[in-house]
Amino acid sequence: MGTLIYAVEDDDNIRELIGCTLRSFSYDVETFSSAEELFSACRLKPLPDMILLDIMLPGMSGIDALKIIRSEPLMHRIPVILLTAKFLETDKVIGLDCGADDYITKPFGILELMARIRAVQRRISESEEKQKMISYQDLTIDLNRHQAYVNGAEVPLTLKEFELLYMLLSNKGKTVTREELLNSIWGFDFQGESRTLDMHIKTLRQKIGDSADDPKYIKTVRGIGYIIA
């Protein structure tokens, strides 16, 4: 599969035009008429590589949808370009402040839209290149090699342990709830016991030389989740 783009636009003609244009440029695309349809698809289908999001939508507004996207552990890194007929500068500022990666006003030209998409893809790619190594004190993970290191020595981790460490490290200074960890690593439909998470945290701590009683890296926020800070 190539780059997958979800486009949310309530105007039938514009939605069809966006879909046809993106496909003609070899993007995989799915279109929706509301934010509610978008989130339903995100629960049931692969997450997109980018979202084109109209602000003026029936039901949930594009701004409210953007706030949800930026708060969801599985979705918060997806680049979002806002589409809107509004011309007020305040609307543009609100959208960017809420986490939009770019903003384009209607009517827009197809070539301009494609140029904006490519520009955001370049920025995201450059940003990801810089973030392939994540460190905290003497603990480092290499996203390319899928490896973890303590004081430069490799620590063998299972896939779930690595994903747990990545989730916590990429949210340094922020408490990640148990629900966020379970949903992100084991999936929305995970039906197992939450003790699965506790067991993985325990083995992860042992491997990186951490301790629940005297934590150097992973601190327990009782009744809520975990934090690296």
# chains A, B, ... in the order shown; residues from 1 in each chain; ligands from 1
>>> residues_around(residues="Ala119 (chain A)", least_positions_apart="5", cutoff="12 Å", atoms="only C-alpha atoms", output="list in words")
Pro79, Ile81, Asp101, Asp102, Tyr103, Glu112, Leu113, Met114, Ile124, Ser125 and Glu126 of chain A
>>> write_last_selection(atoms="all heavy atoms", output="PDB file, in the first residue's frame")
ATOM      1  N   PRO A  79      -0.194  13.707  10.389  1.00  0.00           N
ATOM      2  CA  PRO A  79      -0.272  15.086   9.900  1.00  0.00           C
ATOM      3  C   PRO A  79      -1.677  15.417   9.408  1.00  0.00           C
ATOM      4  O   PRO A  79      -2.342  14.583   8.780  1.00  0.00           O
ATOM      5  CB  PRO A  79       0.745  15.123   8.759  1.00  0.00           C
ATOM      6  CG  PRO A  79       0.972  13.697   8.370  1.00  0.00           C
ATOM      7  CD  PRO A  79       0.734  12.877   9.595  1.00  0.00           C
ATOM      8  N   ILE A  81      -4.035  18.464   7.423  1.00  0.00           N
ATOM      9  CA  ILE A  81      -4.186  19.713   6.676  1.00  0.00           C
ATOM     10  C   ILE A  81      -5.655  20.108   6.743  1.00  0.00           C
ATOM     11  O   ILE A  81      -6.533  19.322   6.379  1.00  0.00           O
ATOM     12  CB  ILE A  81      -3.754  19.556   5.203  1.00  0.00           C
ATOM     13  CG1 ILE A  81      -2.267  19.184   5.119  1.00  0.00           C
ATOM     14  CG2 ILE A  81      -4.016  20.854   4.430  1.00  0.00           C
ATOM     15  CD1 ILE A  81      -1.776  18.957   3.695  1.00  0.00           C
ATOM     16  N   ASP A 101      -1.059  20.826  10.693  1.00  0.00           N
ATOM     17  CA  ASP A 101       0.248  20.951  10.060  1.00  0.00           C
ATOM     18  C   ASP A 101       0.240  21.967   8.927  1.00  0.00           C
ATOM     19  O   ASP A 101       1.285  22.509   8.570  1.00  0.00           O
ATOM     20  CB  ASP A 101       0.699  19.582   9.524  1.00  0.00           C
ATOM     21  CG  ASP A 101       0.934  18.590  10.645  1.00  0.00           C
ATOM     22  OD1 ASP A 101       2.045  18.586  11.186  1.00  0.00           O
ATOM     23  OD2 ASP A 101      -0.002  17.852  11.010  1.00  0.00           O
ATOM     24  N   ASP A 102      -0.924  22.219   8.368  1.00  0.00           N
ATOM     25  CA  ASP A 102      -1.063  23.239   7.332  1.00  0.00           C
ATOM     26  C   ASP A 102      -2.536  23.588   7.197  1.00  0.00           C
ATOM     27  O   ASP A 102      -3.393  22.959   7.832  1.00  0.00           O
ATOM     28  CB  ASP A 102      -0.502  22.756   5.997  1.00  0.00           C
ATOM     29  CG  ASP A 102      -0.088  23.911   5.081  1.00  0.00           C
ATOM     30  OD1 ASP A 102      -0.410  25.076   5.406  1.00  0.00           O
ATOM     31  OD2 ASP A 102       0.546  23.649   4.046  1.00  0.00           O
ATOM     32  N   TYR A 103      -2.819  24.548   6.345  1.00  0.00           N
ATOM     33  CA  TYR A 103      -4.153  25.135   6.260  1.00  0.00           C
ATOM     34  C   TYR A 103      -4.328  25.657   4.840  1.00  0.00           C
ATOM     35  O   TYR A 103      -3.467  26.338   4.319  1.00  0.00           O
ATOM     36  CB  TYR A 103      -4.223  26.280   7.276  1.00  0.00           C
ATOM     37  CG  TYR A 103      -5.537  26.996   7.420  1.00  0.00           C
ATOM     38  CD1 TYR A 103      -6.337  26.763   8.515  1.00  0.00           C
ATOM     39  CD2 TYR A 103      -5.947  27.938   6.487  1.00  0.00           C
ATOM     40  CE1 TYR A 103      -7.528  27.438   8.690  1.00  0.00           C
ATOM     41  CE2 TYR A 103      -7.133  28.620   6.639  1.00  0.00           C
ATOM     42  CZ  TYR A 103      -7.924  28.380   7.737  1.00  0.00           C
ATOM     43  OH  TYR A 103      -9.106  29.058   7.895  1.00  0.00           O
ATOM     44  N   GLU A 112      -2.102  23.373  -6.103  1.00  0.00           N
ATOM     45  CA  GLU A 112      -1.735  23.926  -4.804  1.00  0.00           C
ATOM     46  C   GLU A 112      -1.943  22.890  -3.699  1.00  0.00           C
ATOM     47  O   GLU A 112      -1.098  22.722  -2.811  1.00  0.00           O
ATOM     48  CB  GLU A 112      -2.558  25.169  -4.484  1.00  0.00           C
ATOM     49  CG  GLU A 112      -2.208  25.766  -3.115  1.00  0.00           C
ATOM     50  CD  GLU A 112      -3.115  26.911  -2.705  1.00  0.00           C
ATOM     51  OE1 GLU A 112      -4.058  27.232  -3.450  1.00  0.00           O
ATOM     52  OE2 GLU A 112      -2.880  27.462  -1.611  1.00  0.00           O
ATOM     53  N   LEU A 113      -3.065  22.174  -3.754  1.00  0.00           N
ATOM     54  CA  LEU A 113      -3.344  21.148  -2.754  1.00  0.00           C
ATOM     55  C   LEU A 113      -2.253  20.087  -2.759  1.00  0.00           C
ATOM     56  O   LEU A 113      -1.742  19.689  -1.709  1.00  0.00           O
ATOM     57  CB  LEU A 113      -4.707  20.506  -3.015  1.00  0.00           C
ATOM     58  CG  LEU A 113      -5.077  19.316  -2.111  1.00  0.00           C
ATOM     59  CD1 LEU A 113      -5.137  19.747  -0.653  1.00  0.00           C
ATOM     60  CD2 LEU A 113      -6.409  18.705  -2.549  1.00  0.00           C
ATOM     61  N   MET A 114      -1.878  19.620  -3.957  1.00  0.00           N
ATOM     62  CA  MET A 114      -0.852  18.590  -4.038  1.00  0.00           C
ATOM     63  C   MET A 114       0.496  19.103  -3.536  1.00  0.00           C
ATOM     64  O   MET A 114       1.247  18.373  -2.886  1.00  0.00           O
ATOM     65  CB  MET A 114      -0.718  18.087  -5.480  1.00  0.00           C
ATOM     66  CG  MET A 114      -2.001  17.480  -6.053  1.00  0.00           C
ATOM     67  SD  MET A 114      -2.792  16.282  -4.935  1.00  0.00           S
ATOM     68  CE  MET A 114      -1.484  15.094  -4.720  1.00  0.00           C
ATOM     69  N   ILE A 124       7.446  16.239   7.676  1.00  0.00           N
ATOM     70  CA  ILE A 124       7.281  15.107   8.582  1.00  0.00           C
ATOM     71  C   ILE A 124       8.446  14.140   8.436  1.00  0.00           C
ATOM     72  O   ILE A 124       8.982  13.632   9.423  1.00  0.00           O
ATOM     73  CB  ILE A 124       5.945  14.383   8.312  1.00  0.00           C
ATOM     74  CG1 ILE A 124       4.768  15.320   8.584  1.00  0.00           C
ATOM     75  CG2 ILE A 124       5.844  13.125   9.154  1.00  0.00           C
ATOM     76  CD1 ILE A 124       4.697  15.822   9.996  1.00  0.00           C
ATOM     77  N   SER A 125       8.866  13.888   7.197  1.00  0.00           N
ATOM     78  CA  SER A 125       9.970  12.964   6.943  1.00  0.00           C
ATOM     79  C   SER A 125      11.260  13.484   7.569  1.00  0.00           C
ATOM     80  O   SER A 125      12.007  12.719   8.198  1.00  0.00           O
ATOM     81  CB  SER A 125      10.165  12.782   5.435  1.00  0.00           C
ATOM     82  OG  SER A 125      11.268  11.950   5.162  1.00  0.00           O
ATOM     83  N   GLU A 126      11.521  14.787   7.436  1.00  0.00           N
ATOM     84  CA  GLU A 126      12.730  15.377   8.016  1.00  0.00           C
ATOM     85  C   GLU A 126      12.674  15.321   9.538  1.00  0.00           C
ATOM     86  O   GLU A 126      13.676  15.055  10.204  1.00  0.00           O
ATOM     87  CB  GLU A 126      12.882  16.826   7.544  1.00  0.00           C
ATOM     88  CG  GLU A 126      13.218  16.936   6.056  1.00  0.00           C
ATOM     89  CD  GLU A 126      13.082  18.352   5.533  1.00  0.00           C
ATOM     90  OE1 GLU A 126      12.720  19.242   6.345  1.00  0.00           O
ATOM     91  OE2 GLU A 126      13.332  18.573   4.336  1.00  0.00           O
TER      92      GLU A 126
END
>>> select_by_dssp(residues="region 54-206 of chain A", states="strand (DSSP E or B)", output="list in words")
Asp54, Val80, Ile81, Leu82, Leu83, Thr84, Asp102, Tyr103, Ile104, Thr105, Met133, Ile134, Ser135, Tyr136, Leu139, Thr140, Ile141, Asp142, Gln147, Ala148, Tyr149, Val150, Ala153, Glu154, Val155, Val176 and Thr177 of chain A
>>> write_last_selection(atoms="N, CA and C atoms", output="PDB file, in the first residue's frame")
ATOM      1  N   ASP A  54     -11.930  19.147   6.681  1.00  0.00           N
ATOM      2  CA  ASP A  54     -12.715  20.372   6.547  1.00  0.00           C
ATOM      3  C   ASP A  54     -13.091  20.879   7.939  1.00  0.00           C
ATOM      4  N   VAL A  80      -2.122  16.636   9.697  1.00  0.00           N
ATOM      5  CA  VAL A  80      -3.467  17.078   9.335  1.00  0.00           C
ATOM      6  C   VAL A  80      -3.388  18.405   8.583  1.00  0.00           C
ATOM      7  N   ILE A  81      -4.035  18.464   7.423  1.00  0.00           N
ATOM      8  CA  ILE A  81      -4.186  19.713   6.676  1.00  0.00           C
ATOM      9  C   ILE A  81      -5.655  20.108   6.743  1.00  0.00           C
ATOM     10  N   LEU A  82      -5.919  21.305   7.225  1.00  0.00           N
ATOM     11  CA  LEU A  82      -7.295  21.786   7.328  1.00  0.00           C
ATOM     12  C   LEU A  82      -7.751  22.386   5.998  1.00  0.00           C
ATOM     13  N   LEU A  83      -8.982  22.063   5.634  1.00  0.00           N
ATOM     14  CA  LEU A  83      -9.623  22.637   4.453  1.00  0.00           C
ATOM     15  C   LEU A  83     -10.822  23.451   4.915  1.00  0.00           C
ATOM     16  N   THR A  84     -10.939  24.681   4.453  1.00  0.00           N
ATOM     17  CA  THR A  84     -12.071  25.490   4.890  1.00  0.00           C
ATOM     18  C   THR A  84     -12.368  26.623   3.936  1.00  0.00           C
ATOM     19  N   ASP A 102      -0.924  22.219   8.368  1.00  0.00           N
ATOM     20  CA  ASP A 102      -1.063  23.239   7.332  1.00  0.00           C
ATOM     21  C   ASP A 102      -2.536  23.588   7.197  1.00  0.00           C
ATOM     22  N   TYR A 103      -2.819  24.548   6.345  1.00  0.00           N
ATOM     23  CA  TYR A 103      -4.153  25.135   6.260  1.00  0.00           C
ATOM     24  C   TYR A 103      -4.328  25.657   4.840  1.00  0.00           C
ATOM     25  N   ILE A 104      -5.430  25.310   4.203  1.00  0.00           N
ATOM     26  CA  ILE A 104      -5.675  25.787   2.849  1.00  0.00           C
ATOM     27  C   ILE A 104      -7.133  26.210   2.729  1.00  0.00           C
ATOM     28  N   THR A 105      -7.370  27.378   2.144  1.00  0.00           N
ATOM     29  CA  THR A 105      -8.728  27.899   2.038  1.00  0.00           C
ATOM     30  C   THR A 105      -9.342  27.553   0.692  1.00  0.00           C
ATOM     31  N   MET A 133      16.444   8.458  17.062  1.00  0.00           N
ATOM     32  CA  MET A 133      17.084   8.108  18.331  1.00  0.00           C
ATOM     33  C   MET A 133      16.411   8.925  19.425  1.00  0.00           C
ATOM     34  N   ILE A 134      15.911   8.240  20.461  1.00  0.00           N
ATOM     35  CA  ILE A 134      15.276   8.913  21.588  1.00  0.00           C
ATOM     36  C   ILE A 134      16.017   8.532  22.852  1.00  0.00           C
ATOM     37  N   SER A 135      16.393   9.529  23.651  1.00  0.00           N
ATOM     38  CA  SER A 135      17.211   9.253  24.839  1.00  0.00           C
ATOM     39  C   SER A 135      16.633   9.902  26.080  1.00  0.00           C
ATOM     40  N   TYR A 136      16.958   9.294  27.219  1.00  0.00           N
ATOM     41  CA  TYR A 136      16.660   9.861  28.535  1.00  0.00           C
ATOM     42  C   TYR A 136      17.736   9.372  29.479  1.00  0.00           C
ATOM     43  N   LEU A 139      19.623   6.050  28.969  1.00  0.00           N
ATOM     44  CA  LEU A 139      18.735   5.107  28.266  1.00  0.00           C
ATOM     45  C   LEU A 139      18.430   5.645  26.873  1.00  0.00           C
ATOM     46  N   THR A 140      18.645   4.817  25.844  1.00  0.00           N
ATOM     47  CA  THR A 140      18.441   5.241  24.450  1.00  0.00           C
ATOM     48  C   THR A 140      17.737   4.144  23.677  1.00  0.00           C
ATOM     49  N   ILE A 141      16.826   4.550  22.777  1.00  0.00           N
ATOM     50  CA  ILE A 141      16.258   3.584  21.837  1.00  0.00           C
ATOM     51  C   ILE A 141      16.517   4.057  20.407  1.00  0.00           C
ATOM     52  N   ASP A 142      16.818   3.106  19.562  1.00  0.00           N
ATOM     53  CA  ASP A 142      17.089   3.338  18.143  1.00  0.00           C
ATOM     54  C   ASP A 142      15.898   2.780  17.368  1.00  0.00           C
ATOM     55  N   GLN A 147      16.208  -1.244  18.678  1.00  0.00           N
ATOM     56  CA  GLN A 147      17.050  -1.699  19.771  1.00  0.00           C
ATOM     57  C   GLN A 147      17.067  -0.667  20.896  1.00  0.00           C
ATOM     58  N   ALA A 148      17.329  -1.152  22.100  1.00  0.00           N
ATOM     59  CA  ALA A 148      17.437  -0.281  23.266  1.00  0.00           C
ATOM     60  C   ALA A 148      18.818  -0.437  23.881  1.00  0.00           C
ATOM     61  N   TYR A 149      19.316   0.662  24.478  1.00  0.00           N
ATOM     62  CA  TYR A 149      20.651   0.652  25.062  1.00  0.00           C
ATOM     63  C   TYR A 149      20.632   1.330  26.433  1.00  0.00           C
ATOM     64  N   VAL A 150      21.394   0.791  27.370  1.00  0.00           N
ATOM     65  CA  VAL A 150      21.644   1.424  28.661  1.00  0.00           C
ATOM     66  C   VAL A 150      23.147   1.586  28.798  1.00  0.00           C
ATOM     67  N   ALA A 153      25.216  -0.113  26.165  1.00  0.00           N
ATOM     68  CA  ALA A 153      25.128  -1.573  26.025  1.00  0.00           C
ATOM     69  C   ALA A 153      23.722  -1.960  25.587  1.00  0.00           C
ATOM     70  N   GLU A 154      23.636  -2.831  24.583  1.00  0.00           N
ATOM     71  CA  GLU A 154      22.330  -3.226  24.061  1.00  0.00           C
ATOM     72  C   GLU A 154      21.552  -4.042  25.101  1.00  0.00           C
ATOM     73  N   VAL A 155      20.261  -3.757  25.193  1.00  0.00           N
ATOM     74  CA  VAL A 155      19.361  -4.485  26.087  1.00  0.00           C
ATOM     75  C   VAL A 155      18.351  -5.242  25.227  1.00  0.00           C
ATOM     76  N   VAL A 176       1.400   8.589  30.973  1.00  0.00           N
ATOM     77  CA  VAL A 176       0.672   7.810  29.974  1.00  0.00           C
ATOM     78  C   VAL A 176      -0.231   6.844  30.737  1.00  0.00           C
ATOM     79  N   THR A 177      -1.530   6.940  30.501  1.00  0.00           N
ATOM     80  CA  THR A 177      -2.465   6.132  31.277  1.00  0.00           C
ATOM     81  C   THR A 177      -2.391   4.661  30.877  1.00  0.00           C
TER      82      THR A 177
END
>>> atom_distance(atom1="CA of Leu181 (chain A)", atom2="CA of Ile227 (chain A)")
11.3 Å
>>> select_by_dssp(residues="chain A", states="alpha helix (DSSP H)", output="PyMOL selection string")
chain A and resi 12-24+35-44+62-71+89-97+110-130+159-169+178-181+195-208
>>> residues_around(residues="Ser194 (chain A)", least_positions_apart="6", cutoff="10 Å", atoms="only C-alpha atoms", output="MDAnalysis selection string")
chainID A and resid 178:179 182
>>> residues_around(residues="Glu72 (chain A)", least_positions_apart="5", cutoff="9 Å", atoms="only C-alpha atoms", output="JSON, numbers by chain")
{"A": [67, 77, 180]}
>>> write_last_selection(atoms="all heavy atoms", output="PDB file, in the first residue's frame")
ATOM      1  N   LYS A  67      -8.706  18.327  17.706  1.00  0.00           N
ATOM      2  CA  LYS A  67      -8.325  18.231  19.119  1.00  0.00           C
ATOM      3  C   LYS A  67      -8.324  16.779  19.575  1.00  0.00           C
ATOM      4  O   LYS A  67      -7.437  16.351  20.338  1.00  0.00           O
ATOM      5  CB  LYS A  67      -9.284  19.059  19.982  1.00  0.00           C
ATOM      6  CG  LYS A  67      -9.162  20.568  19.774  1.00  0.00           C
ATOM      7  CD  LYS A  67     -10.197  21.313  20.609  1.00  0.00           C
ATOM      8  CE  LYS A  67     -10.099  22.812  20.389  1.00  0.00           C
ATOM      9  NZ  LYS A  67     -11.149  23.550  21.154  1.00  0.00           N
ATOM     10  N   ARG A  77       0.255  11.718  16.022  1.00  0.00           N
ATOM     11  CA  ARG A  77       1.351  12.084  15.121  1.00  0.00           C
ATOM     12  C   ARG A  77       0.920  12.167  13.645  1.00  0.00           C
ATOM     13  O   ARG A  77       1.738  12.511  12.787  1.00  0.00           O
ATOM     14  CB  ARG A  77       2.501  11.087  15.262  1.00  0.00           C
ATOM     15  CG  ARG A  77       3.171  11.129  16.626  1.00  0.00           C
ATOM     16  CD  ARG A  77       4.393  10.228  16.660  1.00  0.00           C
ATOM     17  NE  ARG A  77       5.013  10.211  17.963  1.00  0.00           N
ATOM     18  CZ  ARG A  77       5.874  11.134  18.412  1.00  0.00           C
ATOM     19  NH1 ARG A  77       6.207  12.129  17.616  1.00  0.00           N
ATOM     20  NH2 ARG A  77       6.392  11.053  19.608  1.00  0.00           N
ATOM     21  N   GLU A 180      -4.285   4.096  27.695  1.00  0.00           N
ATOM     22  CA  GLU A 180      -3.554   4.509  26.494  1.00  0.00           C
ATOM     23  C   GLU A 180      -2.522   3.464  26.100  1.00  0.00           C
ATOM     24  O   GLU A 180      -2.366   3.139  24.912  1.00  0.00           O
ATOM     25  CB  GLU A 180      -2.877   5.853  26.735  1.00  0.00           C
ATOM     26  CG  GLU A 180      -3.825   7.040  26.783  1.00  0.00           C
ATOM     27  CD  GLU A 180      -3.142   8.326  27.195  1.00  0.00           C
ATOM     28  OE1 GLU A 180      -2.122   8.265  27.905  1.00  0.00           O
ATOM     29  OE2 GLU A 180      -3.644   9.397  26.825  1.00  0.00           O
TER      30      GLU A 180
END
>>> residues_around(residues="Leu168 (chain A)", least_positions_apart="6", cutoff="10 Å", atoms="only C-alpha atoms", output="number ranges by chain")
A: 162, 174-176, 181, 217-218, 226-229
>>> write_last_selection(atoms="N, CA, C and O atoms", output="PDB file, in the first residue's frame")
ATOM      1  N   PHE A 162       9.639  -3.246  23.818  1.00  0.00           N
ATOM      2  CA  PHE A 162      10.189  -2.119  23.064  1.00  0.00           C
ATOM      3  C   PHE A 162       9.104  -1.075  22.810  1.00  0.00           C
ATOM      4  O   PHE A 162       9.344   0.132  22.954  1.00  0.00           O
ATOM      5  N   LYS A 174       5.218  13.268  30.590  1.00  0.00           N
ATOM      6  CA  LYS A 174       3.756  13.170  30.573  1.00  0.00           C
ATOM      7  C   LYS A 174       3.338  11.788  31.082  1.00  0.00           C
ATOM      8  O   LYS A 174       3.910  10.770  30.672  1.00  0.00           O
ATOM      9  N   THR A 175       2.349  11.765  31.959  1.00  0.00           N
ATOM     10  CA  THR A 175       1.826  10.486  32.426  1.00  0.00           C
ATOM     11  C   THR A 175       1.031   9.817  31.310  1.00  0.00           C
ATOM     12  O   THR A 175       0.130  10.418  30.734  1.00  0.00           O
ATOM     13  N   VAL A 176       1.400   8.589  30.973  1.00  0.00           N
ATOM     14  CA  VAL A 176       0.672   7.810  29.974  1.00  0.00           C
ATOM     15  C   VAL A 176      -0.231   6.844  30.737  1.00  0.00           C
ATOM     16  O   VAL A 176       0.245   6.041  31.548  1.00  0.00           O
ATOM     17  N   LEU A 181      -1.821   2.921  27.085  1.00  0.00           N
ATOM     18  CA  LEU A 181      -0.811   1.911  26.795  1.00  0.00           C
ATOM     19  C   LEU A 181      -1.446   0.637  26.254  1.00  0.00           C
ATOM     20  O   LEU A 181      -0.966   0.061  25.269  1.00  0.00           O
ATOM     21  N   TYR A 217      14.010   5.289  35.937  1.00  0.00           N
ATOM     22  CA  TYR A 217      13.425   5.683  34.659  1.00  0.00           C
ATOM     23  C   TYR A 217      11.892   5.750  34.733  1.00  0.00           C
ATOM     24  O   TYR A 217      11.303   6.819  34.574  1.00  0.00           O
ATOM     25  N   ILE A 218      11.275   4.601  34.957  1.00  0.00           N
ATOM     26  CA  ILE A 218       9.817   4.487  34.864  1.00  0.00           C
ATOM     27  C   ILE A 218       9.189   4.643  36.245  1.00  0.00           C
ATOM     28  O   ILE A 218       9.419   3.820  37.135  1.00  0.00           O
ATOM     29  N   TYR A 226       1.910   5.408  33.975  1.00  0.00           N
ATOM     30  CA  TYR A 226       3.349   5.462  34.168  1.00  0.00           C
ATOM     31  C   TYR A 226       3.914   6.707  33.501  1.00  0.00           C
ATOM     32  O   TYR A 226       3.326   7.264  32.568  1.00  0.00           O
ATOM     33  N   ILE A 227       5.082   7.131  33.981  1.00  0.00           N
ATOM     34  CA  ILE A 227       5.736   8.318  33.415  1.00  0.00           C
ATOM     35  C   ILE A 227       7.242   8.162  33.478  1.00  0.00           C
ATOM     36  O   ILE A 227       7.781   7.570  34.412  1.00  0.00           O
ATOM     37  N   ILE A 228       7.920   8.665  32.447  1.00  0.00           N
ATOM     38  CA  ILE A 228       9.366   8.825  32.483  1.00  0.00           C
ATOM     39  C   ILE A 228       9.619  10.319  32.619  1.00  0.00           C
ATOM     40  O   ILE A 228       9.298  11.096  31.721  1.00  0.00           O
ATOM     41  N   ALA A 229      10.154  10.725  33.750  1.00  0.00           N
ATOM     42  CA  ALA A 229      10.384  12.157  33.999  1.00  0.00           C
ATOM     43  C   ALA A 229      11.479  12.334  35.050  1.00  0.00           C
ATOM     44  O   ALA A 229      11.723  11.444  35.854  1.00  0.00           O
TER      45      ALA A 229
END
>>> closest_residue(among="A:Leu74, A:Ile117, A:Leu111, A:Met60", to="Pro46 (chain A)", atoms="only C-alpha atoms")
A:Leu74
>>> atom_distance(atom1="CA of Leu164 (chain A)", atom2="CA of Phe39 (chain A)")
24.3 Å
>>> atom_distance(atom1="CA of Gly187 (chain A)", atom2="CA of Lys172 (chain A)")
21.8 Å
>>> closest_residue(among="A:Thr220, A:Ile68, A:Leu17, A:Gly152", to="Gly109 (chain A)", atoms="only C-alpha atoms")
A:Leu17
>>> closest_residue(among="A:Ala85, A:Leu169, A:Thr196, A:Arg70", to="Pro107 (chain A)", atoms="only C-alpha atoms")
A:Ala85
>>> residues_around(residues="Ile110 (chain A)", least_positions_apart="4", cutoff="10 Å", atoms="only C-alpha atoms", output="list in words")
Leu17, Ile18, Thr21, Leu22, Met114, Ala115 and Arg116 of chain A
>>> write_last_selection(atoms="C-alpha atoms", output="CSV table (one decimal), in the first residue's frame")
chain,number,residue,atom,x,y,z
A,17,LEU,CA,-12.9,16.0,-6.7
A,18,ILE,CA,-10.3,15.5,-3.9
A,21,THR,CA,-7.3,13.9,-7.7
A,22,LEU,CA,-5.4,12.1,-5.0
A,114,MET,CA,-0.9,18.6,-4.0
A,115,ALA,CA,2.1,20.9,-3.3
A,116,ARG,CA,0.8,21.4,0.2
